[in-house]
$ cat my_file-v9.cif   # mmCIF, C-alpha atoms
data_protein
loop_
_atom_site.label_atom_id
_atom_site.label_comp_id
_atom_site.auth_asym_id
_atom_site.auth_seq_id
_atom_site.Cartn_x
_atom_site.Cartn_y
_atom_site.Cartn_z
CA MET A 14 52.76 54.17 -63.17
CA ASP A 15 54.81 52.95 -66.10
CA ALA A 16 56.58 49.70 -65.22
CA THR A 17 59.77 50.51 -67.10
CA ASN A 18 60.04 54.20 -66.23
CA PRO A 19 58.41 55.32 -62.97
CA GLN A 20 59.27 58.95 -63.72
CA ARG A 21 56.82 59.24 -66.60
CA THR A 22 54.00 61.73 -66.11
CA ASP A 23 50.34 61.33 -67.01
CA GLY A 24 50.95 63.68 -69.92
CA THR A 25 53.64 61.37 -71.25
CA ARG A 26 51.27 58.43 -70.99
CA ARG A 27 48.66 60.39 -72.96
CA SER A 28 51.26 61.02 -75.67
CA TRP A 29 51.91 57.27 -75.80
CA THR A 30 48.19 56.73 -76.34
CA LEU A 31 48.15 59.18 -79.25
CA ARG A 32 51.21 57.60 -80.79
CA SER A 33 49.71 54.14 -80.38
CA LEU A 34 46.57 55.37 -82.13
CA ALA A 35 48.67 56.69 -85.00
CA LEU A 36 50.38 53.32 -85.21
CA ALA A 37 47.04 51.54 -85.27
CA LEU A 38 45.95 53.71 -88.19
CA LEU A 39 49.13 52.80 -90.01
CA VAL A 40 48.58 49.10 -89.42
CA LEU A 41 44.98 49.32 -90.59
CA GLY A 42 46.16 50.80 -93.85
CA SER A 43 44.98 54.39 -93.50
CA LEU A 44 48.54 55.63 -93.94
CA ALA A 45 49.72 52.83 -96.20
CA THR A 46 50.29 54.94 -99.30
CA ALA A 47 52.32 57.60 -97.55
CA ALA A 48 54.35 55.10 -95.58
CA ALA A 49 55.11 52.97 -98.62
CA SER A 50 56.64 55.93 -100.42
CA ALA A 51 59.06 56.65 -97.58
CA ALA A 52 62.46 55.00 -97.51
CA PRO A 53 62.90 52.61 -94.57
CA THR A 54 65.04 54.01 -91.79
CA VAL A 55 68.48 52.60 -91.06
CA SER A 56 68.46 50.57 -87.87
CA ARG A 57 70.76 51.99 -85.24
CA ASP A 58 71.66 48.38 -84.37
CA SER A 59 74.13 48.58 -87.24
CA PHE A 60 76.31 50.42 -84.74
CA THR A 61 76.06 47.89 -81.90
CA THR A 62 79.36 47.74 -80.01
CA ASP A 63 81.24 44.55 -79.19
CA GLY A 64 80.25 44.90 -75.54
CA GLU A 65 76.58 45.23 -76.42
CA ALA A 66 76.82 42.29 -78.81
CA ASN A 67 78.33 40.14 -76.07
CA LEU A 68 75.53 41.05 -73.67
CA LEU A 69 72.92 40.25 -76.33
CA ALA A 70 74.55 36.91 -77.10
CA GLU A 71 74.66 36.01 -73.42
CA ALA A 72 71.02 37.03 -72.94
CA ASP A 73 70.05 34.95 -75.97
CA ALA A 74 71.83 31.90 -74.54
CA LEU A 75 70.10 32.41 -71.20
CA GLN A 76 66.66 32.63 -72.78
CA TYR A 77 67.35 29.44 -74.76
CA GLY A 78 68.07 27.76 -71.44
CA HIS A 79 64.78 29.14 -70.07
CA ARG A 80 66.71 31.30 -67.59
CA PHE A 81 64.38 34.13 -68.41
CA ALA A 82 64.91 36.20 -65.25
CA ASP A 83 68.69 36.22 -65.78
CA ALA A 84 68.26 37.13 -69.44
CA LEU A 85 65.91 40.00 -68.58
CA GLU A 86 68.38 41.27 -66.00
CA LEU A 87 71.13 41.43 -68.61
CA LEU A 88 68.83 43.17 -71.06
CA ALA A 89 67.83 45.67 -68.37
CA THR A 90 71.51 46.48 -67.89
CA LEU A 91 71.94 47.05 -71.60
CA LEU A 92 68.76 49.12 -71.89
CA GLU A 93 69.77 51.23 -68.91
CA ARG A 94 72.88 52.20 -70.85
CA ASP A 95 70.98 52.61 -74.10
CA PRO A 96 67.17 52.78 -73.81
CA ALA A 97 66.87 52.98 -77.61
CA HIS A 98 68.63 49.66 -78.29
CA VAL A 99 66.19 47.97 -80.68
CA GLN A 100 67.53 44.42 -80.62
CA ALA A 101 67.57 44.37 -76.82
CA ARG A 102 64.01 45.69 -76.69
CA LEU A 103 62.78 43.08 -79.17
CA MET A 104 64.47 40.29 -77.22
CA GLN A 105 62.90 41.63 -74.04
CA ALA A 106 59.46 41.51 -75.67
CA ARG A 107 60.10 37.95 -76.91
CA ILE A 108 61.05 36.74 -73.42
CA HIS A 109 57.96 38.35 -71.91
CA LEU A 110 55.88 36.52 -74.53
CA ALA A 111 57.55 33.23 -73.64
CA GLN A 112 56.70 33.84 -69.99
CA GLY A 113 53.11 34.72 -70.78
CA SER A 114 53.67 38.27 -69.48
CA LEU A 115 51.68 39.85 -72.27
CA MET A 116 51.27 43.36 -70.86
CA ALA A 117 55.02 43.56 -70.24
CA ALA A 118 55.62 42.39 -73.82
CA GLN A 119 53.28 45.08 -75.11
CA GLN A 120 55.15 47.69 -73.08
CA SER A 121 58.46 46.56 -74.58
CA CYS A 122 57.01 46.95 -78.06
CA GLN A 123 55.63 50.39 -77.24
CA GLU A 124 59.09 51.48 -76.11
CA LEU A 125 60.18 51.03 -79.74
CA LEU A 126 57.92 53.87 -80.90
CA GLY A 127 60.09 56.61 -82.32
CA GLN A 128 63.24 54.50 -81.94
CA THR A 129 63.08 52.36 -85.08
CA ASP A 130 61.19 51.77 -88.30
CA MET A 131 57.43 51.75 -87.79
CA THR A 132 57.17 48.39 -89.55
CA ILE A 133 59.27 46.80 -86.80
CA THR A 134 57.23 48.44 -84.05
CA ALA A 135 53.92 47.49 -85.68
CA THR A 136 55.03 43.89 -86.18
CA CYS A 137 56.05 43.64 -82.54
CA LEU A 138 52.72 45.07 -81.35
CA LEU A 139 50.67 42.85 -83.65
CA GLU A 140 52.42 39.72 -82.42
CA VAL A 141 51.52 40.67 -78.85
CA ALA A 142 47.97 41.67 -79.85
CA GLY A 143 47.40 38.19 -81.25
CA ARG A 144 48.13 36.77 -77.80
CA LEU A 145 46.43 39.45 -75.69
CA LYS A 146 43.06 39.18 -77.42
CA PRO A 147 42.75 35.72 -78.98
CA GLU A 148 39.09 36.39 -79.80
CA ARG A 149 40.31 39.08 -82.21
CA LEU A 150 43.10 37.00 -83.71
CA PRO A 151 41.44 36.82 -87.17
CA ASP A 152 41.50 40.63 -87.35
CA THR A 153 45.07 40.83 -86.04
CA TYR A 154 46.16 38.22 -88.59
CA GLN A 155 44.60 40.27 -91.39
CA GLN A 156 46.29 43.45 -90.14
CA LEU A 157 49.69 41.80 -90.07
CA GLN A 158 49.15 40.45 -93.58
CA ARG A 159 48.41 43.97 -94.82
CA LEU A 160 51.52 45.27 -93.10
CA TYR A 161 53.58 42.48 -94.67
CA LEU A 162 52.23 43.16 -98.15
CA GLN A 163 52.20 46.96 -98.09
CA GLN A 164 55.23 48.11 -96.09
CA PRO A 165 58.89 47.82 -97.16
CA ALA A 166 61.17 45.80 -94.89
CA THR A 167 64.52 44.04 -94.81
CA VAL A 168 64.83 40.31 -95.49
CA ALA A 169 65.35 39.66 -91.77
CA VAL A 170 62.16 41.52 -90.86
CA ARG A 171 60.28 39.69 -93.62
CA HIS A 172 61.36 36.34 -92.18
CA TRP A 173 60.29 37.47 -88.71
CA GLN A 174 56.89 38.53 -90.04
CA GLN A 175 56.49 35.22 -91.89
CA GLN A 176 57.14 33.34 -88.66
CA ILE A 177 54.51 35.33 -86.76
CA LEU A 178 52.00 35.01 -89.60
CA ALA A 179 52.58 31.25 -89.70
CA GLU A 180 52.07 30.99 -85.94
CA GLN A 181 48.86 33.01 -86.13
CA ALA A 182 47.56 30.96 -89.07
CA PHE A 183 48.32 27.79 -87.09
CA GLU A 184 46.40 29.11 -84.08
CA LEU A 185 43.45 29.79 -86.40
CA GLY A 186 43.54 26.19 -87.62
CA GLN A 187 44.78 27.23 -91.07
CA TYR A 188 47.54 24.63 -91.18
CA GLN A 189 48.27 24.74 -94.91
CA ALA A 190 48.46 28.54 -94.76
CA ALA A 191 50.93 28.23 -91.89
CA ILE A 192 53.15 26.04 -94.08
CA ASP A 193 52.73 28.34 -97.08
CA TRP A 194 54.12 31.34 -95.20
CA PHE A 195 57.50 29.58 -95.29
CA GLY A 196 57.10 28.51 -98.91
CA THR A 197 59.85 30.68 -100.32
CA ARG A 198 62.58 28.98 -98.28
CA ASN A 199 63.93 25.44 -98.35
CA PHE A 200 62.74 23.35 -95.40
CA ALA A 201 66.27 22.33 -94.37
CA ALA A 202 67.32 25.99 -94.30
CA GLN A 203 64.57 26.94 -91.86
CA PRO A 204 65.37 27.64 -88.20
CA VAL A 205 64.36 24.79 -85.88
CA VAL A 206 61.41 26.77 -84.50
CA ASN A 207 59.99 27.02 -88.02
CA GLN A 208 60.67 23.37 -88.80
CA LYS A 209 58.73 22.36 -85.68
CA LEU A 210 55.73 24.45 -86.72
CA ILE A 211 55.78 23.07 -90.27
CA ILE A 212 56.04 19.48 -88.99
CA ASP A 213 53.17 20.05 -86.55
CA ALA A 214 51.06 21.41 -89.40
CA TRP A 215 51.86 18.45 -91.66
CA LEU A 216 50.97 16.01 -88.89
CA LEU A 217 47.64 17.74 -88.28
CA LEU A 218 47.02 17.53 -92.03
CA GLN A 219 47.64 13.76 -91.77
CA GLU A 220 50.79 13.90 -93.90
CA PRO A 221 53.42 11.99 -91.88
CA ARG A 222 55.27 10.83 -94.99
CA GLN A 223 55.71 14.43 -96.06
CA VAL A 224 57.51 14.99 -92.77
CA LEU A 225 59.73 11.94 -93.17
CA SER A 226 60.58 12.83 -96.78
CA HIS A 227 62.76 15.70 -95.56
CA TYR A 228 65.01 13.43 -93.49
CA SER A 229 67.07 10.34 -94.18
CA ALA A 230 65.35 7.02 -93.48
CA CYS A 231 67.57 6.53 -90.44
CA PRO A 232 69.46 9.20 -88.54
CA ARG A 233 73.20 9.46 -89.06
CA VAL A 234 75.64 9.89 -86.22
CA GLY A 235 76.87 13.46 -86.14
CA GLN A 236 73.89 14.69 -88.16
CA LEU A 237 71.13 14.41 -85.61
CA PRO A 238 68.52 17.17 -85.36
CA GLU A 239 67.49 18.66 -82.03
CA ASP A 240 65.39 16.57 -79.67
CA SER A 241 62.30 18.68 -80.40
CA VAL A 242 62.55 17.58 -84.03
CA ILE A 243 63.52 13.98 -83.21
CA VAL A 244 60.34 13.39 -81.17
CA ARG A 245 58.23 14.82 -84.00
CA LEU A 246 59.92 12.56 -86.53
CA ALA A 247 59.24 9.62 -84.22
CA HIS A 248 55.59 10.69 -84.13
CA ALA A 249 55.50 10.90 -87.93
CA GLU A 250 57.14 7.48 -88.19
CA ARG A 251 54.54 6.00 -85.83
CA LEU A 252 51.67 7.51 -87.85
CA ALA A 253 53.17 6.33 -91.15
CA ALA A 254 53.53 2.80 -89.79
CA ALA A 255 49.92 2.80 -88.56
CA GLU A 256 48.75 4.14 -91.92
CA ALA A 257 50.60 1.39 -93.79
CA ALA A 258 49.23 -1.26 -91.41
CA ASP A 259 45.65 -0.06 -91.99
CA VAL A 260 46.09 -0.27 -95.76
CA ALA A 261 47.61 -3.74 -95.48
CA ASP A 262 44.76 -4.97 -93.27
CA SER A 263 42.05 -3.60 -95.56
CA ALA A 264 43.60 -5.24 -98.63
CA ALA A 265 44.74 -8.50 -97.02
CA GLY A 266 45.15 -11.39 -99.46
CA SER A 267 45.32 -9.22 -102.56
CA ALA A 268 48.25 -7.97 -104.60
CA ALA A 269 47.59 -4.52 -103.21
CA GLY A 270 47.67 -5.99 -99.73
CA SER A 271 51.07 -7.56 -100.36
CA ALA A 272 52.39 -4.23 -101.62
CA ALA A 273 50.98 -2.46 -98.56
CA ALA A 274 52.57 -5.04 -96.27
CA ASP A 275 55.90 -4.44 -97.98
CA GLN A 276 55.42 -0.71 -97.49
CA GLU A 277 54.70 -1.25 -93.80
CA GLN A 278 57.95 -3.17 -93.46
CA GLN A 279 59.78 -0.27 -95.08
CA VAL A 280 58.61 2.12 -92.35
CA ARG A 281 61.51 1.69 -90.01
CA ARG A 282 61.67 2.32 -86.29
CA CYS A 283 64.86 4.36 -86.40
CA TRP A 284 63.41 7.67 -85.23
CA ARG A 285 61.26 6.01 -82.56
CA GLN A 286 64.27 4.11 -81.26
CA LEU A 287 66.41 7.24 -81.24
CA ALA A 288 63.67 9.25 -79.51
CA SER A 289 63.34 6.54 -76.85
CA GLU A 290 67.08 6.59 -76.18
CA ARG A 291 67.23 10.39 -76.06
CA MET A 292 64.28 10.66 -73.68
CA GLN A 293 65.69 7.97 -71.38
CA VAL A 294 68.89 9.99 -71.09
CA ARG A 295 66.97 13.21 -70.46
CA ILE A 296 64.84 11.58 -67.75
CA ALA A 297 67.80 9.84 -66.10
CA ARG A 298 69.69 13.10 -65.69
CA ASP A 299 66.54 14.89 -64.51
CA ASP A 300 66.86 17.36 -67.36
CA ALA A 301 64.70 20.40 -66.60
CA LEU A 302 65.50 22.14 -69.90
CA HIS A 303 62.85 21.97 -72.61
CA THR A 304 60.71 19.35 -70.89
CA SER A 305 58.21 20.00 -73.67
CA ASP A 306 60.18 17.46 -75.72
CA ILE A 307 59.62 14.77 -73.08
CA ALA A 308 55.95 15.68 -72.74
CA TYR A 309 55.55 15.46 -76.52
CA TYR A 310 57.22 12.04 -76.55
CA PHE A 311 54.81 10.63 -73.96
CA LEU A 312 51.85 12.23 -75.72
CA TYR A 313 52.47 11.03 -79.25
CA VAL A 314 55.22 8.40 -79.41
CA ASP A 315 55.28 6.17 -76.33
CA VAL A 316 51.90 7.19 -74.97
CA ASN A 317 51.81 7.56 -71.19
CA ALA A 318 49.18 9.97 -69.89
CA THR A 319 50.68 10.41 -66.42
CA GLN A 320 54.17 11.14 -67.70
CA ALA A 321 52.85 13.42 -70.44
CA LEU A 322 50.94 15.55 -67.94
CA HIS A 323 53.85 15.65 -65.49
CA TYR A 324 56.31 16.99 -68.05
CA ALA A 325 53.78 19.28 -69.72
CA GLU A 326 53.12 20.91 -66.34
CA LEU A 327 56.85 21.26 -65.65
CA ASN A 328 57.27 22.89 -69.04
CA PHE A 329 54.33 25.27 -68.62
CA ALA A 330 55.71 26.44 -65.29
CA VAL A 331 58.52 28.19 -67.18
CA ALA A 332 57.22 28.67 -70.73
CA GLU A 333 53.74 29.82 -71.72
CA GLU A 334 53.84 30.08 -75.49
CA PRO A 335 50.75 28.90 -77.44
CA ALA A 336 52.58 25.65 -78.26
CA ASP A 337 53.18 25.07 -74.55
CA GLN A 338 49.49 25.65 -73.83
CA ARG A 339 48.49 23.21 -76.59
CA LEU A 340 50.82 20.60 -75.14
CA LEU A 341 49.37 21.03 -71.65
CA ASP A 342 45.79 20.93 -72.96
CA ALA A 343 46.51 17.73 -74.90
CA ALA A 344 48.07 16.12 -71.82
CA ARG A 345 45.10 17.10 -69.69
CA THR A 346 42.72 15.71 -72.28
CA LEU A 347 44.67 12.46 -72.35
CA THR A 348 44.42 12.10 -68.58
CA GLY A 349 40.89 13.46 -68.34
CA THR A 350 42.12 16.33 -66.18
CA ARG A 351 40.30 19.62 -66.54
CA ALA A 352 42.28 22.86 -66.69
CA GLN A 353 42.45 24.67 -63.39
CA ASN A 354 41.51 28.31 -63.90
#
$ encode --input "my_file-v9.cif" --output "structure tokens"
Amino acid sequence: MDATNPQRTDGTRRSWTLRSLALALLVLGSLATAAASAAPTVSRDSFTTDGEANLLAEADALQYGHRFADALELLATLLERDPAHVQARLMQARIHLAQGSLMAAQQSCQELLGQTDMTITATCLLEVAGRLKPERLPDTYQQLQRLYLQQPATVAVRHWQQQILAEQAFELGQYQAAIDWFGTRNFAAQPVVNQKLIIDAWLLLQEPRQVLSHYSACPRVGQLPEDSVIVRLAHAERLAAAEAADVADSAAGSAAGSAAADQEQQVRRCWRQLASERMQVRIARDDALHTSDIAYYFLYVDVNATQALHYAELNFAVAEEPADQRLLDAARTLTGTRAQN
């Protein structure tokens, strides 16, 4: 029985299957020419009322605080009033993804069929498909690229697609491609979630100075980024310092060695010091929100295997995005702990 509507009949479910098949054909490009010639539909969310907007804003704040059950309850209230509310349905799918509830996320995307532009529905389904069947991620990534290139969409939808494409490229180990998907926008103008992904890609490409080049040498009071960015900058600072030290050691006694030593001195400890202070505060107040930041700090800045695993496990208990899984896997590797299946 359908989880979101127990009154649906088997015949209705069969119609969903047929519509999903039609959508798959669209995504694969069979209907690309016809779809491209059609004008994109106007989203009904243009007519969202103040009351609906308030509920959405509250649900968004709750999901940011990892209060996923409360956020889903609010969205259920909104969707009970208006089952065709696109923004609420997309947020519902996003929360299910964050929880690792992939079948529920897929169902939320399927509920969009016939309610909004097919590009939005297809994008939603392809994001979920990339998680549901990781062994087929290369194919899903190619399908989403075709959708991005062939189907008209608003700027907001384009940015959403770029984010998903970057995440999928990252999962495939295509780190430069992940960065390139954001190439049309200035780094500072990117949402924090995108900045984190770009920084992670740069660090995996062994480019810590590229990370640091986008921030002042030392943080300024009143202009501090979020903790998730601070710990990554501290990681980049640590790698840059180690890189400079290696160069100085290999060229010791020469003019190049003196220059490298000077460069090492120029790599300050500002971000590492700030990260240390921020994490001490978070730990002292037993902060349960976004413990991924603390796990990251103990993995890559002030390395402590026990602490890294502790906070990575706390984080994964509430959030199961690919980044959360990577963090947990890295912590387990550091401690020599095998994943419990």
$ resolve_selection --input "my_file-v9.cif" --expression "the PyMOL selection byres ((chain A and resi 82) around 12)" --output "list in words"
Ala72, Asp73, Leu75, Gln76, Tyr77, Gly78, His79, Arg80, Phe81, Asp83, Ala84, Leu85, Glu86, Leu87, Leu88, Ala89, Gln105, Ile108, His109, Ala111, Gln112 and Val331 of chain A
$ residues_around --input "my_file-v9.cif" --residues "Leu246 in chain A" --least-positions-apart "5" --cutoff "10 Å" --atoms "all atoms listed in the file" --output "PyMOL selection string"
chain A and resi 209+212+216+221-222+224-225+227-228+238+240-241+251-252+283-285+287-288+314
$ write_last_selection --input "my_file-v9.cif" --atoms "C-alpha atoms" --output "PDB file, in the coordinates of the input"
ATOM      1  CA  LYS A 209      58.730  22.360 -85.680  1.00  0.00           C
ATOM      2  CA  ILE A 212      56.040  19.480 -88.990  1.00  0.00           C
ATOM      3  CA  LEU A 216      50.970  16.010 -88.890  1.00  0.00           C
ATOM      4  CA  PRO A 221      53.420  11.990 -91.880  1.00  0.00           C
ATOM      5  CA  ARG A 222      55.270  10.830 -94.990  1.00  0.00           C
ATOM      6  CA  VAL A 224      57.510  14.990 -92.770  1.00  0.00           C
ATOM      7  CA  LEU A 225      59.730  11.940 -93.170  1.00  0.00           C
ATOM      8  CA  HIS A 227      62.760  15.700 -95.560  1.00  0.00           C
ATOM      9  CA  TYR A 228      65.010  13.430 -93.490  1.00  0.00           C
ATOM     10  CA  PRO A 238      68.520  17.170 -85.360  1.00  0.00           C
ATOM     11  CA  ASP A 240      65.390  16.570 -79.670  1.00  0.00           C
ATOM     12  CA  SER A 241      62.300  18.680 -80.400  1.00  0.00           C
ATOM     13  CA  ARG A 251      54.540   6.000 -85.830  1.00  0.00           C
ATOM     14  CA  LEU A 252      51.670   7.510 -87.850  1.00  0.00           C
ATOM     15  CA  CYS A 283      64.860   4.360 -86.400  1.00  0.00           C
ATOM     16  CA  TRP A 284      63.410   7.670 -85.230  1.00  0.00           C
ATOM     17  CA  ARG A 285      61.260   6.010 -82.560  1.00  0.00           C
ATOM     18  CA  LEU A 287      66.410   7.240 -81.240  1.00  0.00           C
ATOM     19  CA  ALA A 288      63.670   9.250 -79.510  1.00  0.00           C
ATOM     20  CA  VAL A 314      55.220   8.400 -79.410  1.00  0.00           C
TER      21      VAL A 314
END
$ atom_distance --input "my_file-v9.cif" --atom1 "CA of Glu250 in chain A" --atom2 "CA of Phe311 in chain A"
14.8 Å
$ atom_distance --input "my_file-v9.cif" --atom1 "CA of Ala308 in chain A" --atom2 "CA of Val205 in chain A"
18.1 Å
$ atom_distance --input "my_file-v9.cif" --atom1 "CA of Leu347 in chain A" --atom2 "CA of Ala318 in chain A"
5.7 Å
$ resolve_selection --input "my_file-v9.cif" --expression "the PyMOL selection byres ((chain A and resi 147-150) around 12)" --output "compact mmCIF listing (two decimals) with C-alpha atoms, keeping the file's coordinate frame"
# COMPACT_ATOMS: atom_id res chain seq x y z
CA LEU A 115 51.68 39.85 -72.27
CA LEU A 139 50.67 42.85 -83.65
CA GLU A 140 52.42 39.72 -82.42
CA VAL A 141 51.52 40.67 -78.85
CA ALA A 142 47.97 41.67 -79.85
CA GLY A 143 47.40 38.19 -81.25
CA ARG A 144 48.13 36.77 -77.80
CA LEU A 145 46.43 39.45 -75.69
CA LYS A 146 43.06 39.18 -77.42
CA PRO A 151 41.44 36.82 -87.17
CA ASP A 152 41.50 40.63 -87.35
CA THR A 153 45.07 40.83 -86.04
CA TYR A 154 46.16 38.22 -88.59
CA GLN A 155 44.60 40.27 -91.39
CA GLN A 156 46.29 43.45 -90.14
CA LEU A 157 49.69 41.80 -90.07
CA ILE A 177 54.51 35.33 -86.76
CA LEU A 178 52.00 35.01 -89.60
CA GLU A 180 52.07 30.99 -85.94
CA GLN A 181 48.86 33.01 -86.13
CA ALA A 182 47.56 30.96 -89.07
CA PHE A 183 48.32 27.79 -87.09
CA GLU A 184 46.40 29.11 -84.08
CA LEU A 185 43.45 29.79 -86.40
CA GLY A 186 43.54 26.19 -87.62
CA PRO A 335 50.75 28.90 -77.44
$ resolve_selection --input "my_file-v9.cif" --expression "the PyMOL selection byres ((chain A and resi 69) around 9)" --output "list in words"
Gly64, Glu65, Ala66, Asn67, Leu68, Ala70, Glu71, Ala72, Asp73, Ala74, Ala84, Leu87, Leu88, Leu91, Gln100, Ala101 and Met104 of chain A
